[in-house]
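Asker: Input my_file_37.cif, format and content: mmCIF, N, CA, C and O atoms.
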```
data_start
#
loop_
_atom_site.label_atom_id
_atom_site.label_comp_id
_atom_site.auth_asym_id
_atom_site.auth_seq_id
_atom_site.Cartn_x
_atom_site.Cartn_y
_atom_site.Cartn_z
N MET A 618 0.86 -1.17 0.00
CA MET A 618 0.00 0.00 0.00
C MET A 618 0.90 1.23 0.00
O MET A 618 1.84 1.31 0.78
N GLU A 619 0.60 2.16 -0.86
CA GLU A 619 1.32 3.42 -0.93
C GLU A 619 0.31 4.54 -0.72
O GLU A 619 -0.67 4.63 -1.47
N GLY A 620 0.51 5.35 0.30
CA GLY A 620 -0.37 6.47 0.58
C GLY A 620 0.32 7.77 0.23
O GLY A 620 1.46 7.98 0.65
N ARG A 621 -0.36 8.62 -0.51
CA ARG A 621 0.22 9.90 -0.96
C ARG A 621 -0.84 10.99 -0.94
O ARG A 621 -2.03 10.70 -1.09
N PRO A 622 -0.41 12.24 -0.84
CA PRO A 622 -1.37 13.33 -1.04
C PRO A 622 -1.91 13.25 -2.47
O PRO A 622 -1.22 12.78 -3.38
N GLY A 623 -3.12 13.71 -2.67
CA GLY A 623 -3.77 13.63 -3.98
C GLY A 623 -3.34 14.72 -4.93
O GLY A 623 -4.18 15.37 -5.55
N LYS A 624 -2.07 14.96 -5.04
CA LYS A 624 -1.51 16.01 -5.88
C LYS A 624 -0.33 15.44 -6.65
O LYS A 624 0.27 14.46 -6.25
N GLY A 625 0.01 16.04 -7.76
CA GLY A 625 1.17 15.61 -8.53
C GLY A 625 0.91 14.28 -9.21
O GLY A 625 -0.23 13.96 -9.56
N TRP A 626 1.94 13.48 -9.34
CA TRP A 626 1.84 12.22 -10.09
C TRP A 626 0.79 11.28 -9.50
O TRP A 626 0.12 10.58 -10.25
N ALA A 627 0.65 11.27 -8.18
CA ALA A 627 -0.30 10.34 -7.55
C ALA A 627 -1.74 10.60 -7.97
O ALA A 627 -2.56 9.69 -8.01
N ALA A 628 -2.05 11.83 -8.31
CA ALA A 628 -3.41 12.18 -8.72
C ALA A 628 -3.80 11.55 -10.05
O ALA A 628 -4.98 11.45 -10.37
N TYR A 629 -2.81 11.09 -10.82
CA TYR A 629 -3.07 10.56 -12.16
C TYR A 629 -2.91 9.04 -12.27
O TYR A 629 -3.15 8.47 -13.32
N VAL A 630 -2.52 8.39 -11.18
CA VAL A 630 -2.31 6.94 -11.21
C VAL A 630 -3.64 6.22 -11.36
O VAL A 630 -4.63 6.58 -10.73
N THR A 631 -3.64 5.19 -12.20
CA THR A 631 -4.81 4.33 -12.35
C THR A 631 -4.36 2.87 -12.21
O THR A 631 -3.17 2.56 -12.31
N ALA A 632 -5.31 1.99 -11.99
CA ALA A 632 -5.00 0.56 -11.88
C ALA A 632 -4.27 0.10 -13.13
O ALA A 632 -4.57 0.54 -14.24
N ASP A 633 -3.29 -0.76 -12.95
CA ASP A 633 -2.42 -1.34 -13.97
C ASP A 633 -1.27 -0.43 -14.38
O ASP A 633 -0.43 -0.85 -15.19
N ASP A 634 -1.18 0.79 -13.86
CA ASP A 634 0.00 1.62 -14.11
C ASP A 634 1.21 1.01 -13.42
O ASP A 634 1.08 0.36 -12.38
N TRP A 635 2.38 1.24 -13.98
CA TRP A 635 3.64 0.88 -13.34
C TRP A 635 4.23 2.15 -12.76
O TRP A 635 4.21 3.21 -13.39
N ILE A 636 4.75 2.05 -11.55
CA ILE A 636 5.33 3.19 -10.84
C ILE A 636 6.76 2.82 -10.46
O ILE A 636 7.01 1.73 -9.97
N THR A 637 7.68 3.74 -10.67
CA THR A 637 9.07 3.53 -10.29
C THR A 637 9.41 4.45 -9.13
O THR A 637 9.23 5.67 -9.22
N PHE A 638 9.89 3.86 -8.03
CA PHE A 638 10.33 4.61 -6.87
C PHE A 638 11.85 4.52 -6.77
O PHE A 638 12.42 3.44 -6.89
N LYS A 639 12.50 5.64 -6.53
CA LYS A 639 13.93 5.66 -6.27
C LYS A 639 14.11 5.49 -4.76
O LYS A 639 13.53 6.25 -3.97
N ILE A 640 14.89 4.52 -4.37
CA ILE A 640 15.13 4.24 -2.95
C ILE A 640 16.39 5.01 -2.56
O ILE A 640 17.51 4.56 -2.80
N THR A 641 16.21 6.18 -2.00
CA THR A 641 17.30 7.12 -1.76
C THR A 641 18.44 6.51 -0.95
O THR A 641 19.61 6.66 -1.30
N ALA A 642 18.14 5.82 0.12
CA ALA A 642 19.18 5.28 1.01
C ALA A 642 19.87 4.04 0.46
O ALA A 642 20.75 3.48 1.10
N SER A 643 19.50 3.61 -0.74
CA SER A 643 20.06 2.37 -1.29
C SER A 643 21.20 2.59 -2.26
O SER A 643 21.67 1.65 -2.88
N GLY A 644 21.59 3.84 -2.45
CA GLY A 644 22.63 4.11 -3.44
C GLY A 644 22.07 4.25 -4.85
O GLY A 644 22.80 4.10 -5.82
N GLY A 645 20.79 4.51 -4.96
CA GLY A 645 20.20 4.75 -6.28
C GLY A 645 19.37 3.62 -6.85
O GLY A 645 18.90 3.71 -7.98
N LYS A 646 19.18 2.54 -6.09
CA LYS A 646 18.33 1.46 -6.59
C LYS A 646 16.91 1.96 -6.77
O LYS A 646 16.47 2.91 -6.12
N LYS A 647 16.19 1.32 -7.66
CA LYS A 647 14.80 1.68 -7.92
C LYS A 647 13.91 0.47 -7.71
O LYS A 647 14.32 -0.66 -7.94
N LEU A 648 12.71 0.73 -7.28
CA LEU A 648 11.70 -0.31 -7.09
C LEU A 648 10.57 -0.02 -8.06
O LEU A 648 10.03 1.09 -8.08
N VAL A 649 10.20 -1.01 -8.85
CA VAL A 649 9.09 -0.87 -9.79
C VAL A 649 7.91 -1.66 -9.24
O VAL A 649 8.06 -2.82 -8.84
N VAL A 650 6.75 -1.01 -9.21
CA VAL A 650 5.54 -1.66 -8.71
C VAL A 650 4.43 -1.46 -9.74
O VAL A 650 4.50 -0.58 -10.59
N ARG A 651 3.42 -2.31 -9.63
CA ARG A 651 2.22 -2.14 -10.47
C ARG A 651 1.07 -1.75 -9.56
O ARG A 651 0.88 -2.35 -8.48
N ALA A 652 0.32 -0.77 -9.96
CA ALA A 652 -0.86 -0.34 -9.20
C ALA A 652 -2.00 -1.32 -9.45
O ALA A 652 -2.38 -1.56 -10.59
N LEU A 653 -2.49 -1.92 -8.39
CA LEU A 653 -3.61 -2.85 -8.50
C LEU A 653 -4.96 -2.15 -8.36
O LEU A 653 -5.93 -2.51 -9.00
N ARG A 654 -4.98 -1.15 -7.46
CA ARG A 654 -6.22 -0.41 -7.20
C ARG A 654 -5.84 0.96 -6.66
O ARG A 654 -4.84 1.12 -5.97
N VAL A 655 -6.65 1.95 -6.99
CA VAL A 655 -6.42 3.32 -6.53
C VAL A 655 -7.71 3.81 -5.86
O VAL A 655 -8.78 3.71 -6.43
N ARG A 656 -7.54 4.31 -4.62
CA ARG A 656 -8.70 4.83 -3.88
C ARG A 656 -8.40 6.25 -3.42
O ARG A 656 -7.27 6.58 -3.10
N ARG A 657 -9.43 7.06 -3.38
CA ARG A 657 -9.29 8.46 -2.97
C ARG A 657 -10.02 8.68 -1.65
O ARG A 657 -11.11 8.16 -1.44
N PHE A 658 -9.38 9.47 -0.78
CA PHE A 658 -9.92 9.76 0.54
C PHE A 658 -9.78 11.24 0.84
O PHE A 658 -8.92 11.92 0.28
N ALA A 659 -10.59 11.73 1.77
CA ALA A 659 -10.51 13.13 2.19
C ALA A 659 -9.31 13.38 3.09
O ALA A 659 -8.81 14.51 3.16
N SER A 660 -8.83 12.34 3.79
CA SER A 660 -7.76 12.53 4.77
C SER A 660 -6.96 11.25 4.96
O SER A 660 -7.40 10.16 4.58
N PHE A 661 -5.77 11.40 5.57
CA PHE A 661 -4.98 10.22 5.90
C PHE A 661 -5.70 9.38 6.96
O PHE A 661 -5.62 8.16 6.94
N GLU A 662 -6.41 10.03 7.86
CA GLU A 662 -7.16 9.27 8.86
C GLU A 662 -8.19 8.37 8.19
O GLU A 662 -8.30 7.19 8.53
N ALA A 663 -8.93 8.90 7.23
CA ALA A 663 -9.93 8.09 6.52
C ALA A 663 -9.26 6.94 5.77
O ALA A 663 -9.76 5.81 5.77
N MET A 664 -8.12 7.21 5.15
CA MET A 664 -7.38 6.17 4.43
C MET A 664 -6.94 5.06 5.39
O MET A 664 -7.13 3.88 5.12
N LEU A 665 -6.36 5.45 6.51
CA LEU A 665 -5.85 4.47 7.47
C LEU A 665 -6.98 3.67 8.12
O LEU A 665 -6.81 2.49 8.40
N ARG A 666 -8.11 4.30 8.34
CA ARG A 666 -9.26 3.57 8.89
C ARG A 666 -9.72 2.48 7.93
O ARG A 666 -10.01 1.36 8.34
N GLU A 667 -9.82 2.81 6.64
CA GLU A 667 -10.31 1.83 5.68
C GLU A 667 -9.25 0.81 5.28
O GLU A 667 -9.53 -0.38 5.20
N CYS A 668 -8.04 1.26 5.05
CA CYS A 668 -6.99 0.37 4.54
C CYS A 668 -6.25 -0.36 5.65
O CYS A 668 -5.70 -1.44 5.42
N GLY A 669 -6.21 0.23 6.84
CA GLY A 669 -5.51 -0.36 7.97
C GLY A 669 -4.10 0.18 8.14
O GLY A 669 -3.39 0.38 7.16
N VAL A 670 -3.74 0.43 9.38
CA VAL A 670 -2.41 0.95 9.68
C VAL A 670 -1.33 -0.02 9.22
O VAL A 670 -0.35 0.37 8.60
N LYS A 671 -1.50 -1.30 9.49
CA LYS A 671 -0.48 -2.31 9.12
C LYS A 671 -0.25 -2.38 7.62
O LYS A 671 0.86 -2.61 7.16
N ALA A 672 -1.29 -2.20 6.83
CA ALA A 672 -1.14 -2.24 5.37
C ALA A 672 -0.37 -1.03 4.86
O ALA A 672 0.38 -1.13 3.89
N CYS A 673 -0.55 0.11 5.52
CA CYS A 673 0.07 1.35 5.06
C CYS A 673 1.43 1.61 5.69
O CYS A 673 2.32 2.14 5.03
N LEU A 674 1.57 1.26 6.95
CA LEU A 674 2.82 1.48 7.70
C LEU A 674 3.14 0.22 8.50
O LEU A 674 2.95 0.16 9.71
N PRO A 675 3.62 -0.83 7.83
CA PRO A 675 3.80 -2.13 8.50
C PRO A 675 4.75 -2.11 9.70
O PRO A 675 4.61 -2.94 10.58
N GLU A 676 5.66 -1.15 9.74
CA GLU A 676 6.62 -1.12 10.84
C GLU A 676 6.08 -0.40 12.07
O GLU A 676 6.72 -0.39 13.12
N ILE A 677 4.89 0.16 11.99
CA ILE A 677 4.30 0.91 13.09
C ILE A 677 3.36 0.02 13.89
O ILE A 677 2.49 -0.64 13.34
N SER A 678 3.55 0.02 15.20
CA SER A 678 2.67 -0.78 16.06
C SER A 678 1.81 0.13 16.94
O SER A 678 1.16 -0.35 17.85
N GLY A 679 1.82 1.42 16.64
CA GLY A 679 1.08 2.38 17.46
C GLY A 679 -0.37 2.52 17.05
O GLY A 679 -0.92 1.73 16.28
N SER A 680 -0.96 3.57 17.55
CA SER A 680 -2.38 3.83 17.34
C SER A 680 -2.64 4.45 15.97
O SER A 680 -1.72 4.87 15.26
N LEU A 681 -3.90 4.53 15.64
CA LEU A 681 -4.33 5.19 14.41
C LEU A 681 -3.84 6.63 14.40
O LEU A 681 -3.32 7.12 13.40
N GLN A 682 -3.99 7.32 15.52
CA GLN A 682 -3.58 8.73 15.59
C GLN A 682 -2.07 8.88 15.37
O GLN A 682 -1.64 9.81 14.69
N GLU A 683 -1.27 7.96 15.90
CA GLU A 683 0.17 8.01 15.66
C GLU A 683 0.49 7.82 14.18
O GLU A 683 1.36 8.50 13.63
N ALA A 684 -0.22 6.92 13.53
CA ALA A 684 -0.02 6.68 12.10
C ALA A 684 -0.39 7.92 11.29
O ALA A 684 0.31 8.28 10.34
N VAL A 685 -1.49 8.57 11.65
CA VAL A 685 -1.90 9.82 10.96
C VAL A 685 -0.80 10.86 11.11
O VAL A 685 -0.41 11.52 10.14
N GLU A 686 -0.28 11.01 12.31
CA GLU A 686 0.77 12.00 12.56
C GLU A 686 2.03 11.70 11.76
O GLU A 686 2.69 12.62 11.27
N ILE A 687 2.36 10.42 11.60
CA ILE A 687 3.52 10.06 10.80
C ILE A 687 3.31 10.48 9.35
O ILE A 687 4.17 11.14 8.76
N TYR A 688 2.17 10.12 8.77
CA TYR A 688 1.90 10.52 7.38
C TYR A 688 1.93 12.04 7.25
O TYR A 688 2.52 12.58 6.32
N GLN A 689 1.28 12.74 8.15
CA GLN A 689 1.18 14.19 8.04
C GLN A 689 2.54 14.88 8.21
O GLN A 689 2.71 16.00 7.76
N SER A 690 3.50 14.21 8.83
CA SER A 690 4.82 14.80 9.03
C SER A 690 5.73 14.66 7.81
O SER A 690 6.75 15.35 7.72
N PHE A 691 5.39 13.79 6.87
CA PHE A 691 6.22 13.63 5.68
C PHE A 691 6.25 14.93 4.90
O PHE A 691 5.30 15.70 4.92
N GLY A 692 7.33 15.14 4.16
CA GLY A 692 7.47 16.34 3.36
C GLY A 692 7.41 16.04 1.87
O GLY A 692 7.68 14.93 1.44
N THR A 693 7.04 17.05 1.11
CA THR A 693 7.00 16.95 -0.35
C THR A 693 8.26 17.58 -0.94
O THR A 693 9.01 18.27 -0.25
N MET A 694 8.47 17.38 -2.22
CA MET A 694 9.62 17.97 -2.90
C MET A 694 9.56 19.50 -2.88
O MET A 694 10.58 20.16 -2.92
N SER A 695 8.36 20.06 -2.79
CA SER A 695 8.21 21.52 -2.79
C SER A 695 8.42 22.13 -1.40
O SER A 695 8.40 23.34 -1.25
N GLY A 696 8.58 21.27 -0.37
CA GLY A 696 8.80 21.76 0.98
C GLY A 696 7.57 21.77 1.87
O GLY A 696 7.67 22.00 3.07
N ALA A 697 6.40 21.53 1.31
CA ALA A 697 5.17 21.46 2.10
C ALA A 697 5.12 20.11 2.82
O ALA A 697 5.74 19.14 2.38
N THR A 698 4.39 20.07 3.92
CA THR A 698 4.18 18.79 4.59
C THR A 698 2.98 18.10 3.97
O THR A 698 2.13 18.75 3.35
N TYR A 699 2.90 16.79 4.17
CA TYR A 699 1.73 16.05 3.69
C TYR A 699 0.46 16.61 4.33
O TYR A 699 -0.60 16.62 3.72
N ALA A 700 0.54 17.08 5.58
CA ALA A 700 -0.64 17.65 6.26
C ALA A 700 -1.16 18.86 5.51
O ALA A 700 -2.37 19.02 5.34
N GLU A 701 -0.26 19.71 5.04
CA GLU A 701 -0.67 20.91 4.31
C GLU A 701 -1.33 20.55 2.98
O GLU A 701 -2.35 21.12 2.60
N VAL A 702 -0.77 19.59 2.28
CA VAL A 702 -1.28 19.19 0.97
C VAL A 702 -2.58 18.39 1.11
O VAL A 702 -3.50 18.53 0.31
N GLU A 703 -2.66 17.58 2.15
CA GLU A 703 -3.85 16.75 2.42
C GLU A 703 -5.12 17.61 2.50
O GLU A 703 -6.15 17.25 1.94
N ARG A 704 -5.04 18.73 3.19
CA ARG A 704 -6.22 19.59 3.37
C ARG A 704 -6.78 20.08 2.04
O ARG A 704 -7.98 20.20 1.87
N GLU A 705 -5.90 20.37 1.09
CA GLU A 705 -6.36 20.93 -0.18
C GLU A 705 -6.69 19.88 -1.24
O GLU A 705 -7.63 20.04 -2.01
N TYR A 706 -5.93 18.77 -1.26
CA TYR A 706 -6.05 17.80 -2.36
C TYR A 706 -6.57 16.43 -1.97
O TYR A 706 -6.76 15.57 -2.82
N GLY A 707 -6.72 16.17 -0.67
CA GLY A 707 -7.13 14.83 -0.25
C GLY A 707 -5.97 13.86 -0.33
O GLY A 707 -4.80 14.25 -0.40
N VAL A 708 -6.29 12.58 -0.33
CA VAL A 708 -5.29 11.52 -0.21
C VAL A 708 -5.58 10.42 -1.23
O VAL A 708 -6.74 10.13 -1.53
N ILE A 709 -4.52 9.81 -1.72
CA ILE A 709 -4.62 8.69 -2.65
C ILE A 709 -3.99 7.46 -1.98
O ILE A 709 -2.89 7.53 -1.44
N ALA A 710 -4.69 6.34 -2.01
CA ALA A 710 -4.15 5.06 -1.53
C ALA A 710 -4.00 4.17 -2.76
O ALA A 710 -4.97 3.96 -3.50
N ILE A 711 -2.79 3.68 -2.98
CA ILE A 711 -2.51 2.84 -4.14
C ILE A 711 -2.11 1.46 -3.64
O ILE A 711 -1.09 1.31 -2.97
N ASP A 712 -2.92 0.45 -3.96
CA ASP A 712 -2.55 -0.92 -3.67
C ASP A 712 -1.52 -1.32 -4.73
O ASP A 712 -1.82 -1.22 -5.95
N VAL A 713 -0.34 -1.76 -4.30
CA VAL A 713 0.73 -2.06 -5.24
C VAL A 713 1.26 -3.47 -5.05
O VAL A 713 1.14 -4.07 -3.98
N VAL A 714 1.86 -3.98 -6.11
CA VAL A 714 2.60 -5.24 -6.06
C VAL A 714 3.97 -4.97 -6.67
O VAL A 714 4.07 -4.39 -7.76
N PRO A 715 5.05 -5.33 -5.95
CA PRO A 715 6.39 -5.11 -6.48
C PRO A 715 6.66 -5.95 -7.72
O PRO A 715 6.26 -7.11 -7.80
N LEU A 716 7.33 -5.36 -8.70
CA LEU A 716 7.72 -6.06 -9.91
C LEU A 716 9.21 -6.34 -9.94
O LEU A 716 9.67 -7.16 -10.71
N GLY A 717 9.98 -5.62 -9.13
CA GLY A 717 11.41 -5.87 -9.05
C GLY A 717 12.22 -4.64 -8.77
O GLY A 717 11.72 -3.52 -8.83
N LEU A 718 13.51 -4.86 -8.46
CA LEU A 718 14.45 -3.77 -8.22
C LEU A 718 15.25 -3.52 -9.46
O LEU A 718 15.53 -4.38 -10.22
#
```
Can the structure in the file be given as structure tokens, please?

Answerer:
Amino acid sequence: MEGRPGKGWAAYVTADDWITFKITASGGKKLVVRALRVRRFASFEAMLRECGVKACLPEISGSLQEAVEIYQSFGTMSGATYAEVEREYGVIAIDVVPLGL
């Protein structure tokens, strides 16, 4: 599961699209995934309630509110936080399957 603000490239993803992520801490490796399903939500809280904290943030064992705060603390390339972008554009949840590195 990939959760993103509903702005930029994520706003245009549809099922069966391939997405390439650059894994910054890996020395430049990339991960290619296929979008299985795309859902739109008003907020990260709504996304996490429906999709589940474990599906979106598997390493987190905290509460729903902690998971919301984690998502909202992420930053965008433009310098805005996910919380700032979420209010204006909503949230996109993309069910993905890895295709390879």

Asker: What does the distance from atom O of Pro675 in chain A to atom O of Ile687 in chain A come to in Å, to one decimal?

Answerer: 14.2 Å

Asker: If you count all atoms listed in the file, which residues fall within 7 Å of Gln689 in chain A, apart from same-chain ones fewer than 4 positions away, as number ranges by chain?

Answerer: A: 683-685, 697-701

Asker: Between CA of Asp712 in chain A and CA of Met618 in chain A, what distance in Å does the model show, to one decimal?

Answerer: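 Computing it gives 4.6 Å between the two atoms.
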
Asker: Could you work out how far atom N of Ser678 in chain A lies from atom N of Trp626 in chain A, giving the answer in Å with one decimal?

Answerer: 28.0 Å

Asker: Set the distance at 10 Å and use only C-alpha atoms: which residues neighbour Pro622 in chain A once local chain neighbours fewer than 5 positions away are removed? I'd like the list as a list in words.

Answerer: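 Everything that qualifies: Ala627, Ala628, Arg657, Phe658, Ala659, Ser660, Phe661, Tyr688, Gln689, Thr693, Thr698, Tyr699, Ala700, Glu701, Val702, Glu703, Arg704, Glu705, Tyr706, Gly707, Val708, Ile709 and Ala710 of chain A.
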
Asker: Evaluate the PyMOL selection byres (((chain A and resi 647-654 and name CA) around 9) and name CA) against this structure - the residues, as a PyMOL selection string, please.

Answerer: chain A and resi 630-641+643+645-646+655-656+710-718

Asker: What are the DSSP alpha helix (DSSP H) residues of chain A, as a VMD selection string?

Answerer: chain A and resid 661 to 668 670 to 673 681 to 690 699 to 706

Asker: Using all atoms listed in the file, which residues sit within 7 Å of Cys673 in chain A once same-chain residues fewer than 2 positions away are excluded, as a list in words?

Answerer: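 With the cut-off at 7 Å, the set is Met618, Glu619, Gly620, Cys668, Gly669, Val670, Lys671, Pro675 and Glu676 of chain A.
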
Asker: Apply DSSP to the structure's backbone, then extract all residues of chain A labelled strand (DSSP E or B) and return them as a PyMOL selection string.

Answerer: chain A and resi 619-622+635-639+647-658+692+698+708-717

Asker: Output N, CA, C and O atoms for every residue in the selection just made, as a CSV table (one decimal), in the frame of the given file.

Answerer:
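Writing the result to out07.csv gives the following:
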```
chain,number,residue,atom,x,y,z
A,619,GLU,N,0.6,2.2,-0.9
A,619,GLU,CA,1.3,3.4,-0.9
A,619,GLU,C,0.3,4.5,-0.7
A,619,GLU,O,-0.7,4.6,-1.5
A,620,GLY,N,0.5,5.4,0.3
A,620,GLY,CA,-0.4,6.5,0.6
A,620,GLY,C,0.3,7.8,0.2
A,620,GLY,O,1.5,8.0,0.6
A,621,ARG,N,-0.4,8.6,-0.5
A,621,ARG,CA,0.2,9.9,-1.0
A,621,ARG,C,-0.8,11.0,-0.9
A,621,ARG,O,-2.0,10.7,-1.1
A,622,PRO,N,-0.4,12.2,-0.8
A,622,PRO,CA,-1.4,13.3,-1.0
A,622,PRO,C,-1.9,13.2,-2.5
A,622,PRO,O,-1.2,12.8,-3.4
A,635,TRP,N,2.4,1.2,-14.0
A,635,TRP,CA,3.6,0.9,-13.3
A,635,TRP,C,4.2,2.2,-12.8
A,635,TRP,O,4.2,3.2,-13.4
A,636,ILE,N,4.8,2.0,-11.6
A,636,ILE,CA,5.3,3.2,-10.8
A,636,ILE,C,6.8,2.8,-10.5
A,636,ILE,O,7.0,1.7,-10.0
A,637,THR,N,7.7,3.7,-10.7
A,637,THR,CA,9.1,3.5,-10.3
A,637,THR,C,9.4,4.4,-9.1
A,637,THR,O,9.2,5.7,-9.2
A,638,PHE,N,9.9,3.9,-8.0
A,638,PHE,CA,10.3,4.6,-6.9
A,638,PHE,C,11.8,4.5,-6.8
A,638,PHE,O,12.4,3.4,-6.9
A,639,LYS,N,12.5,5.6,-6.5
A,639,LYS,CA,13.9,5.7,-6.3
A,639,LYS,C,14.1,5.5,-4.8
A,639,LYS,O,13.5,6.2,-4.0
A,647,LYS,N,16.2,1.3,-7.7
A,647,LYS,CA,14.8,1.7,-7.9
A,647,LYS,C,13.9,0.5,-7.7
A,647,LYS,O,14.3,-0.7,-7.9
A,648,LEU,N,12.7,0.7,-7.3
A,648,LEU,CA,11.7,-0.3,-7.1
A,648,LEU,C,10.6,0.0,-8.1
A,648,LEU,O,10.0,1.1,-8.1
A,649,VAL,N,10.2,-1.0,-8.8
A,649,VAL,CA,9.1,-0.9,-9.8
A,649,VAL,C,7.9,-1.7,-9.2
A,649,VAL,O,8.1,-2.8,-8.8
A,650,VAL,N,6.8,-1.0,-9.2
A,650,VAL,CA,5.5,-1.7,-8.7
A,650,VAL,C,4.4,-1.5,-9.7
A,650,VAL,O,4.5,-0.6,-10.6
A,651,ARG,N,3.4,-2.3,-9.6
A,651,ARG,CA,2.2,-2.1,-10.5
A,651,ARG,C,1.1,-1.8,-9.6
A,651,ARG,O,0.9,-2.4,-8.5
A,652,ALA,N,0.3,-0.8,-10.0
A,652,ALA,CA,-0.9,-0.3,-9.2
A,652,ALA,C,-2.0,-1.3,-9.4
A,652,ALA,O,-2.4,-1.6,-10.6
A,653,LEU,N,-2.5,-1.9,-8.4
A,653,LEU,CA,-3.6,-2.8,-8.5
A,653,LEU,C,-5.0,-2.2,-8.4
A,653,LEU,O,-5.9,-2.5,-9.0
A,654,ARG,N,-5.0,-1.2,-7.5
A,654,ARG,CA,-6.2,-0.4,-7.2
A,654,ARG,C,-5.8,1.0,-6.7
A,654,ARG,O,-4.8,1.1,-6.0
A,655,VAL,N,-6.6,2.0,-7.0
A,655,VAL,CA,-6.4,3.3,-6.5
A,655,VAL,C,-7.7,3.8,-5.9
A,655,VAL,O,-8.8,3.7,-6.4
A,656,ARG,N,-7.5,4.3,-4.6
A,656,ARG,CA,-8.7,4.8,-3.9
A,656,ARG,C,-8.4,6.2,-3.4
A,656,ARG,O,-7.3,6.6,-3.1
A,657,ARG,N,-9.4,7.1,-3.4
A,657,ARG,CA,-9.3,8.5,-3.0
A,657,ARG,C,-10.0,8.7,-1.6
A,657,ARG,O,-11.1,8.2,-1.4
A,658,PHE,N,-9.4,9.5,-0.8
A,658,PHE,CA,-9.9,9.8,0.5
A,658,PHE,C,-9.8,11.2,0.8
A,658,PHE,O,-8.9,11.9,0.3
A,692,GLY,N,7.3,15.1,4.2
A,692,GLY,CA,7.5,16.3,3.4
A,692,GLY,C,7.4,16.0,1.9
A,692,GLY,O,7.7,14.9,1.4
A,698,THR,N,4.4,20.1,3.9
A,698,THR,CA,4.2,18.8,4.6
A,698,THR,C,3.0,18.1,4.0
A,698,THR,O,2.1,18.8,3.4
A,708,VAL,N,-6.3,12.6,-0.3
A,708,VAL,CA,-5.3,11.5,-0.2
A,708,VAL,C,-5.6,10.4,-1.2
A,708,VAL,O,-6.7,10.1,-1.5
A,709,ILE,N,-4.5,9.8,-1.7
A,709,ILE,CA,-4.6,8.7,-2.6
A,709,ILE,C,-4.0,7.5,-2.0
A,709,ILE,O,-2.9,7.5,-1.4
A,710,ALA,N,-4.7,6.3,-2.0
A,710,ALA,CA,-4.2,5.1,-1.5
A,710,ALA,C,-4.0,4.2,-2.8
A,710,ALA,O,-5.0,4.0,-3.5
A,711,ILE,N,-2.8,3.7,-3.0
A,711,ILE,CA,-2.5,2.8,-4.1
A,711,ILE,C,-2.1,1.5,-3.6
A,711,ILE,O,-1.1,1.3,-3.0
A,712,ASP,N,-2.9,0.4,-4.0
A,712,ASP,CA,-2.6,-0.9,-3.7
A,712,ASP,C,-1.5,-1.3,-4.7
A,712,ASP,O,-1.8,-1.2,-6.0
A,713,VAL,N,-0.3,-1.8,-4.3
A,713,VAL,CA,0.7,-2.1,-5.2
A,713,VAL,C,1.3,-3.5,-5.0
A,713,VAL,O,1.1,-4.1,-4.0
A,714,VAL,N,1.9,-4.0,-6.1
A,714,VAL,CA,2.6,-5.2,-6.1
A,714,VAL,C,4.0,-5.0,-6.7
A,714,VAL,O,4.1,-4.4,-7.8
A,715,PRO,N,5.0,-5.3,-6.0
A,715,PRO,CA,6.4,-5.1,-6.5
A,715,PRO,C,6.7,-6.0,-7.7
A,715,PRO,O,6.3,-7.1,-7.8
A,716,LEU,N,7.3,-5.4,-8.7
A,716,LEU,CA,7.7,-6.1,-9.9
A,716,LEU,C,9.2,-6.3,-9.9
A,716,LEU,O,9.7,-7.2,-10.7
A,717,GLY,N,10.0,-5.6,-9.1
A,717,GLY,CA,11.4,-5.9,-9.0
A,717,GLY,C,12.2,-4.6,-8.8
A,717,GLY,O,11.7,-3.5,-8.8
```

Asker: Would you compute an axis-aligned box for range 627-633 of chain A, covering every atom listed for it in the file with 3 Å of margin on each side, and report centre and edge lengths in Å to one decimal as lines of an AutoDock Vina configuration file?

Answerer:
```
center_x = -2.3
center_y = 5.4
center_z = -11.4
size_x = 12.0
size_y = 19.5
size_z = 13.6
```

Asker: A:Glu667, A:Gly696, A:Glu662, A:Ala642: which is nearest Leu681 in chain A, counting all atoms listed in the file?

Answerer: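 Closest candidate: A:Glu662.
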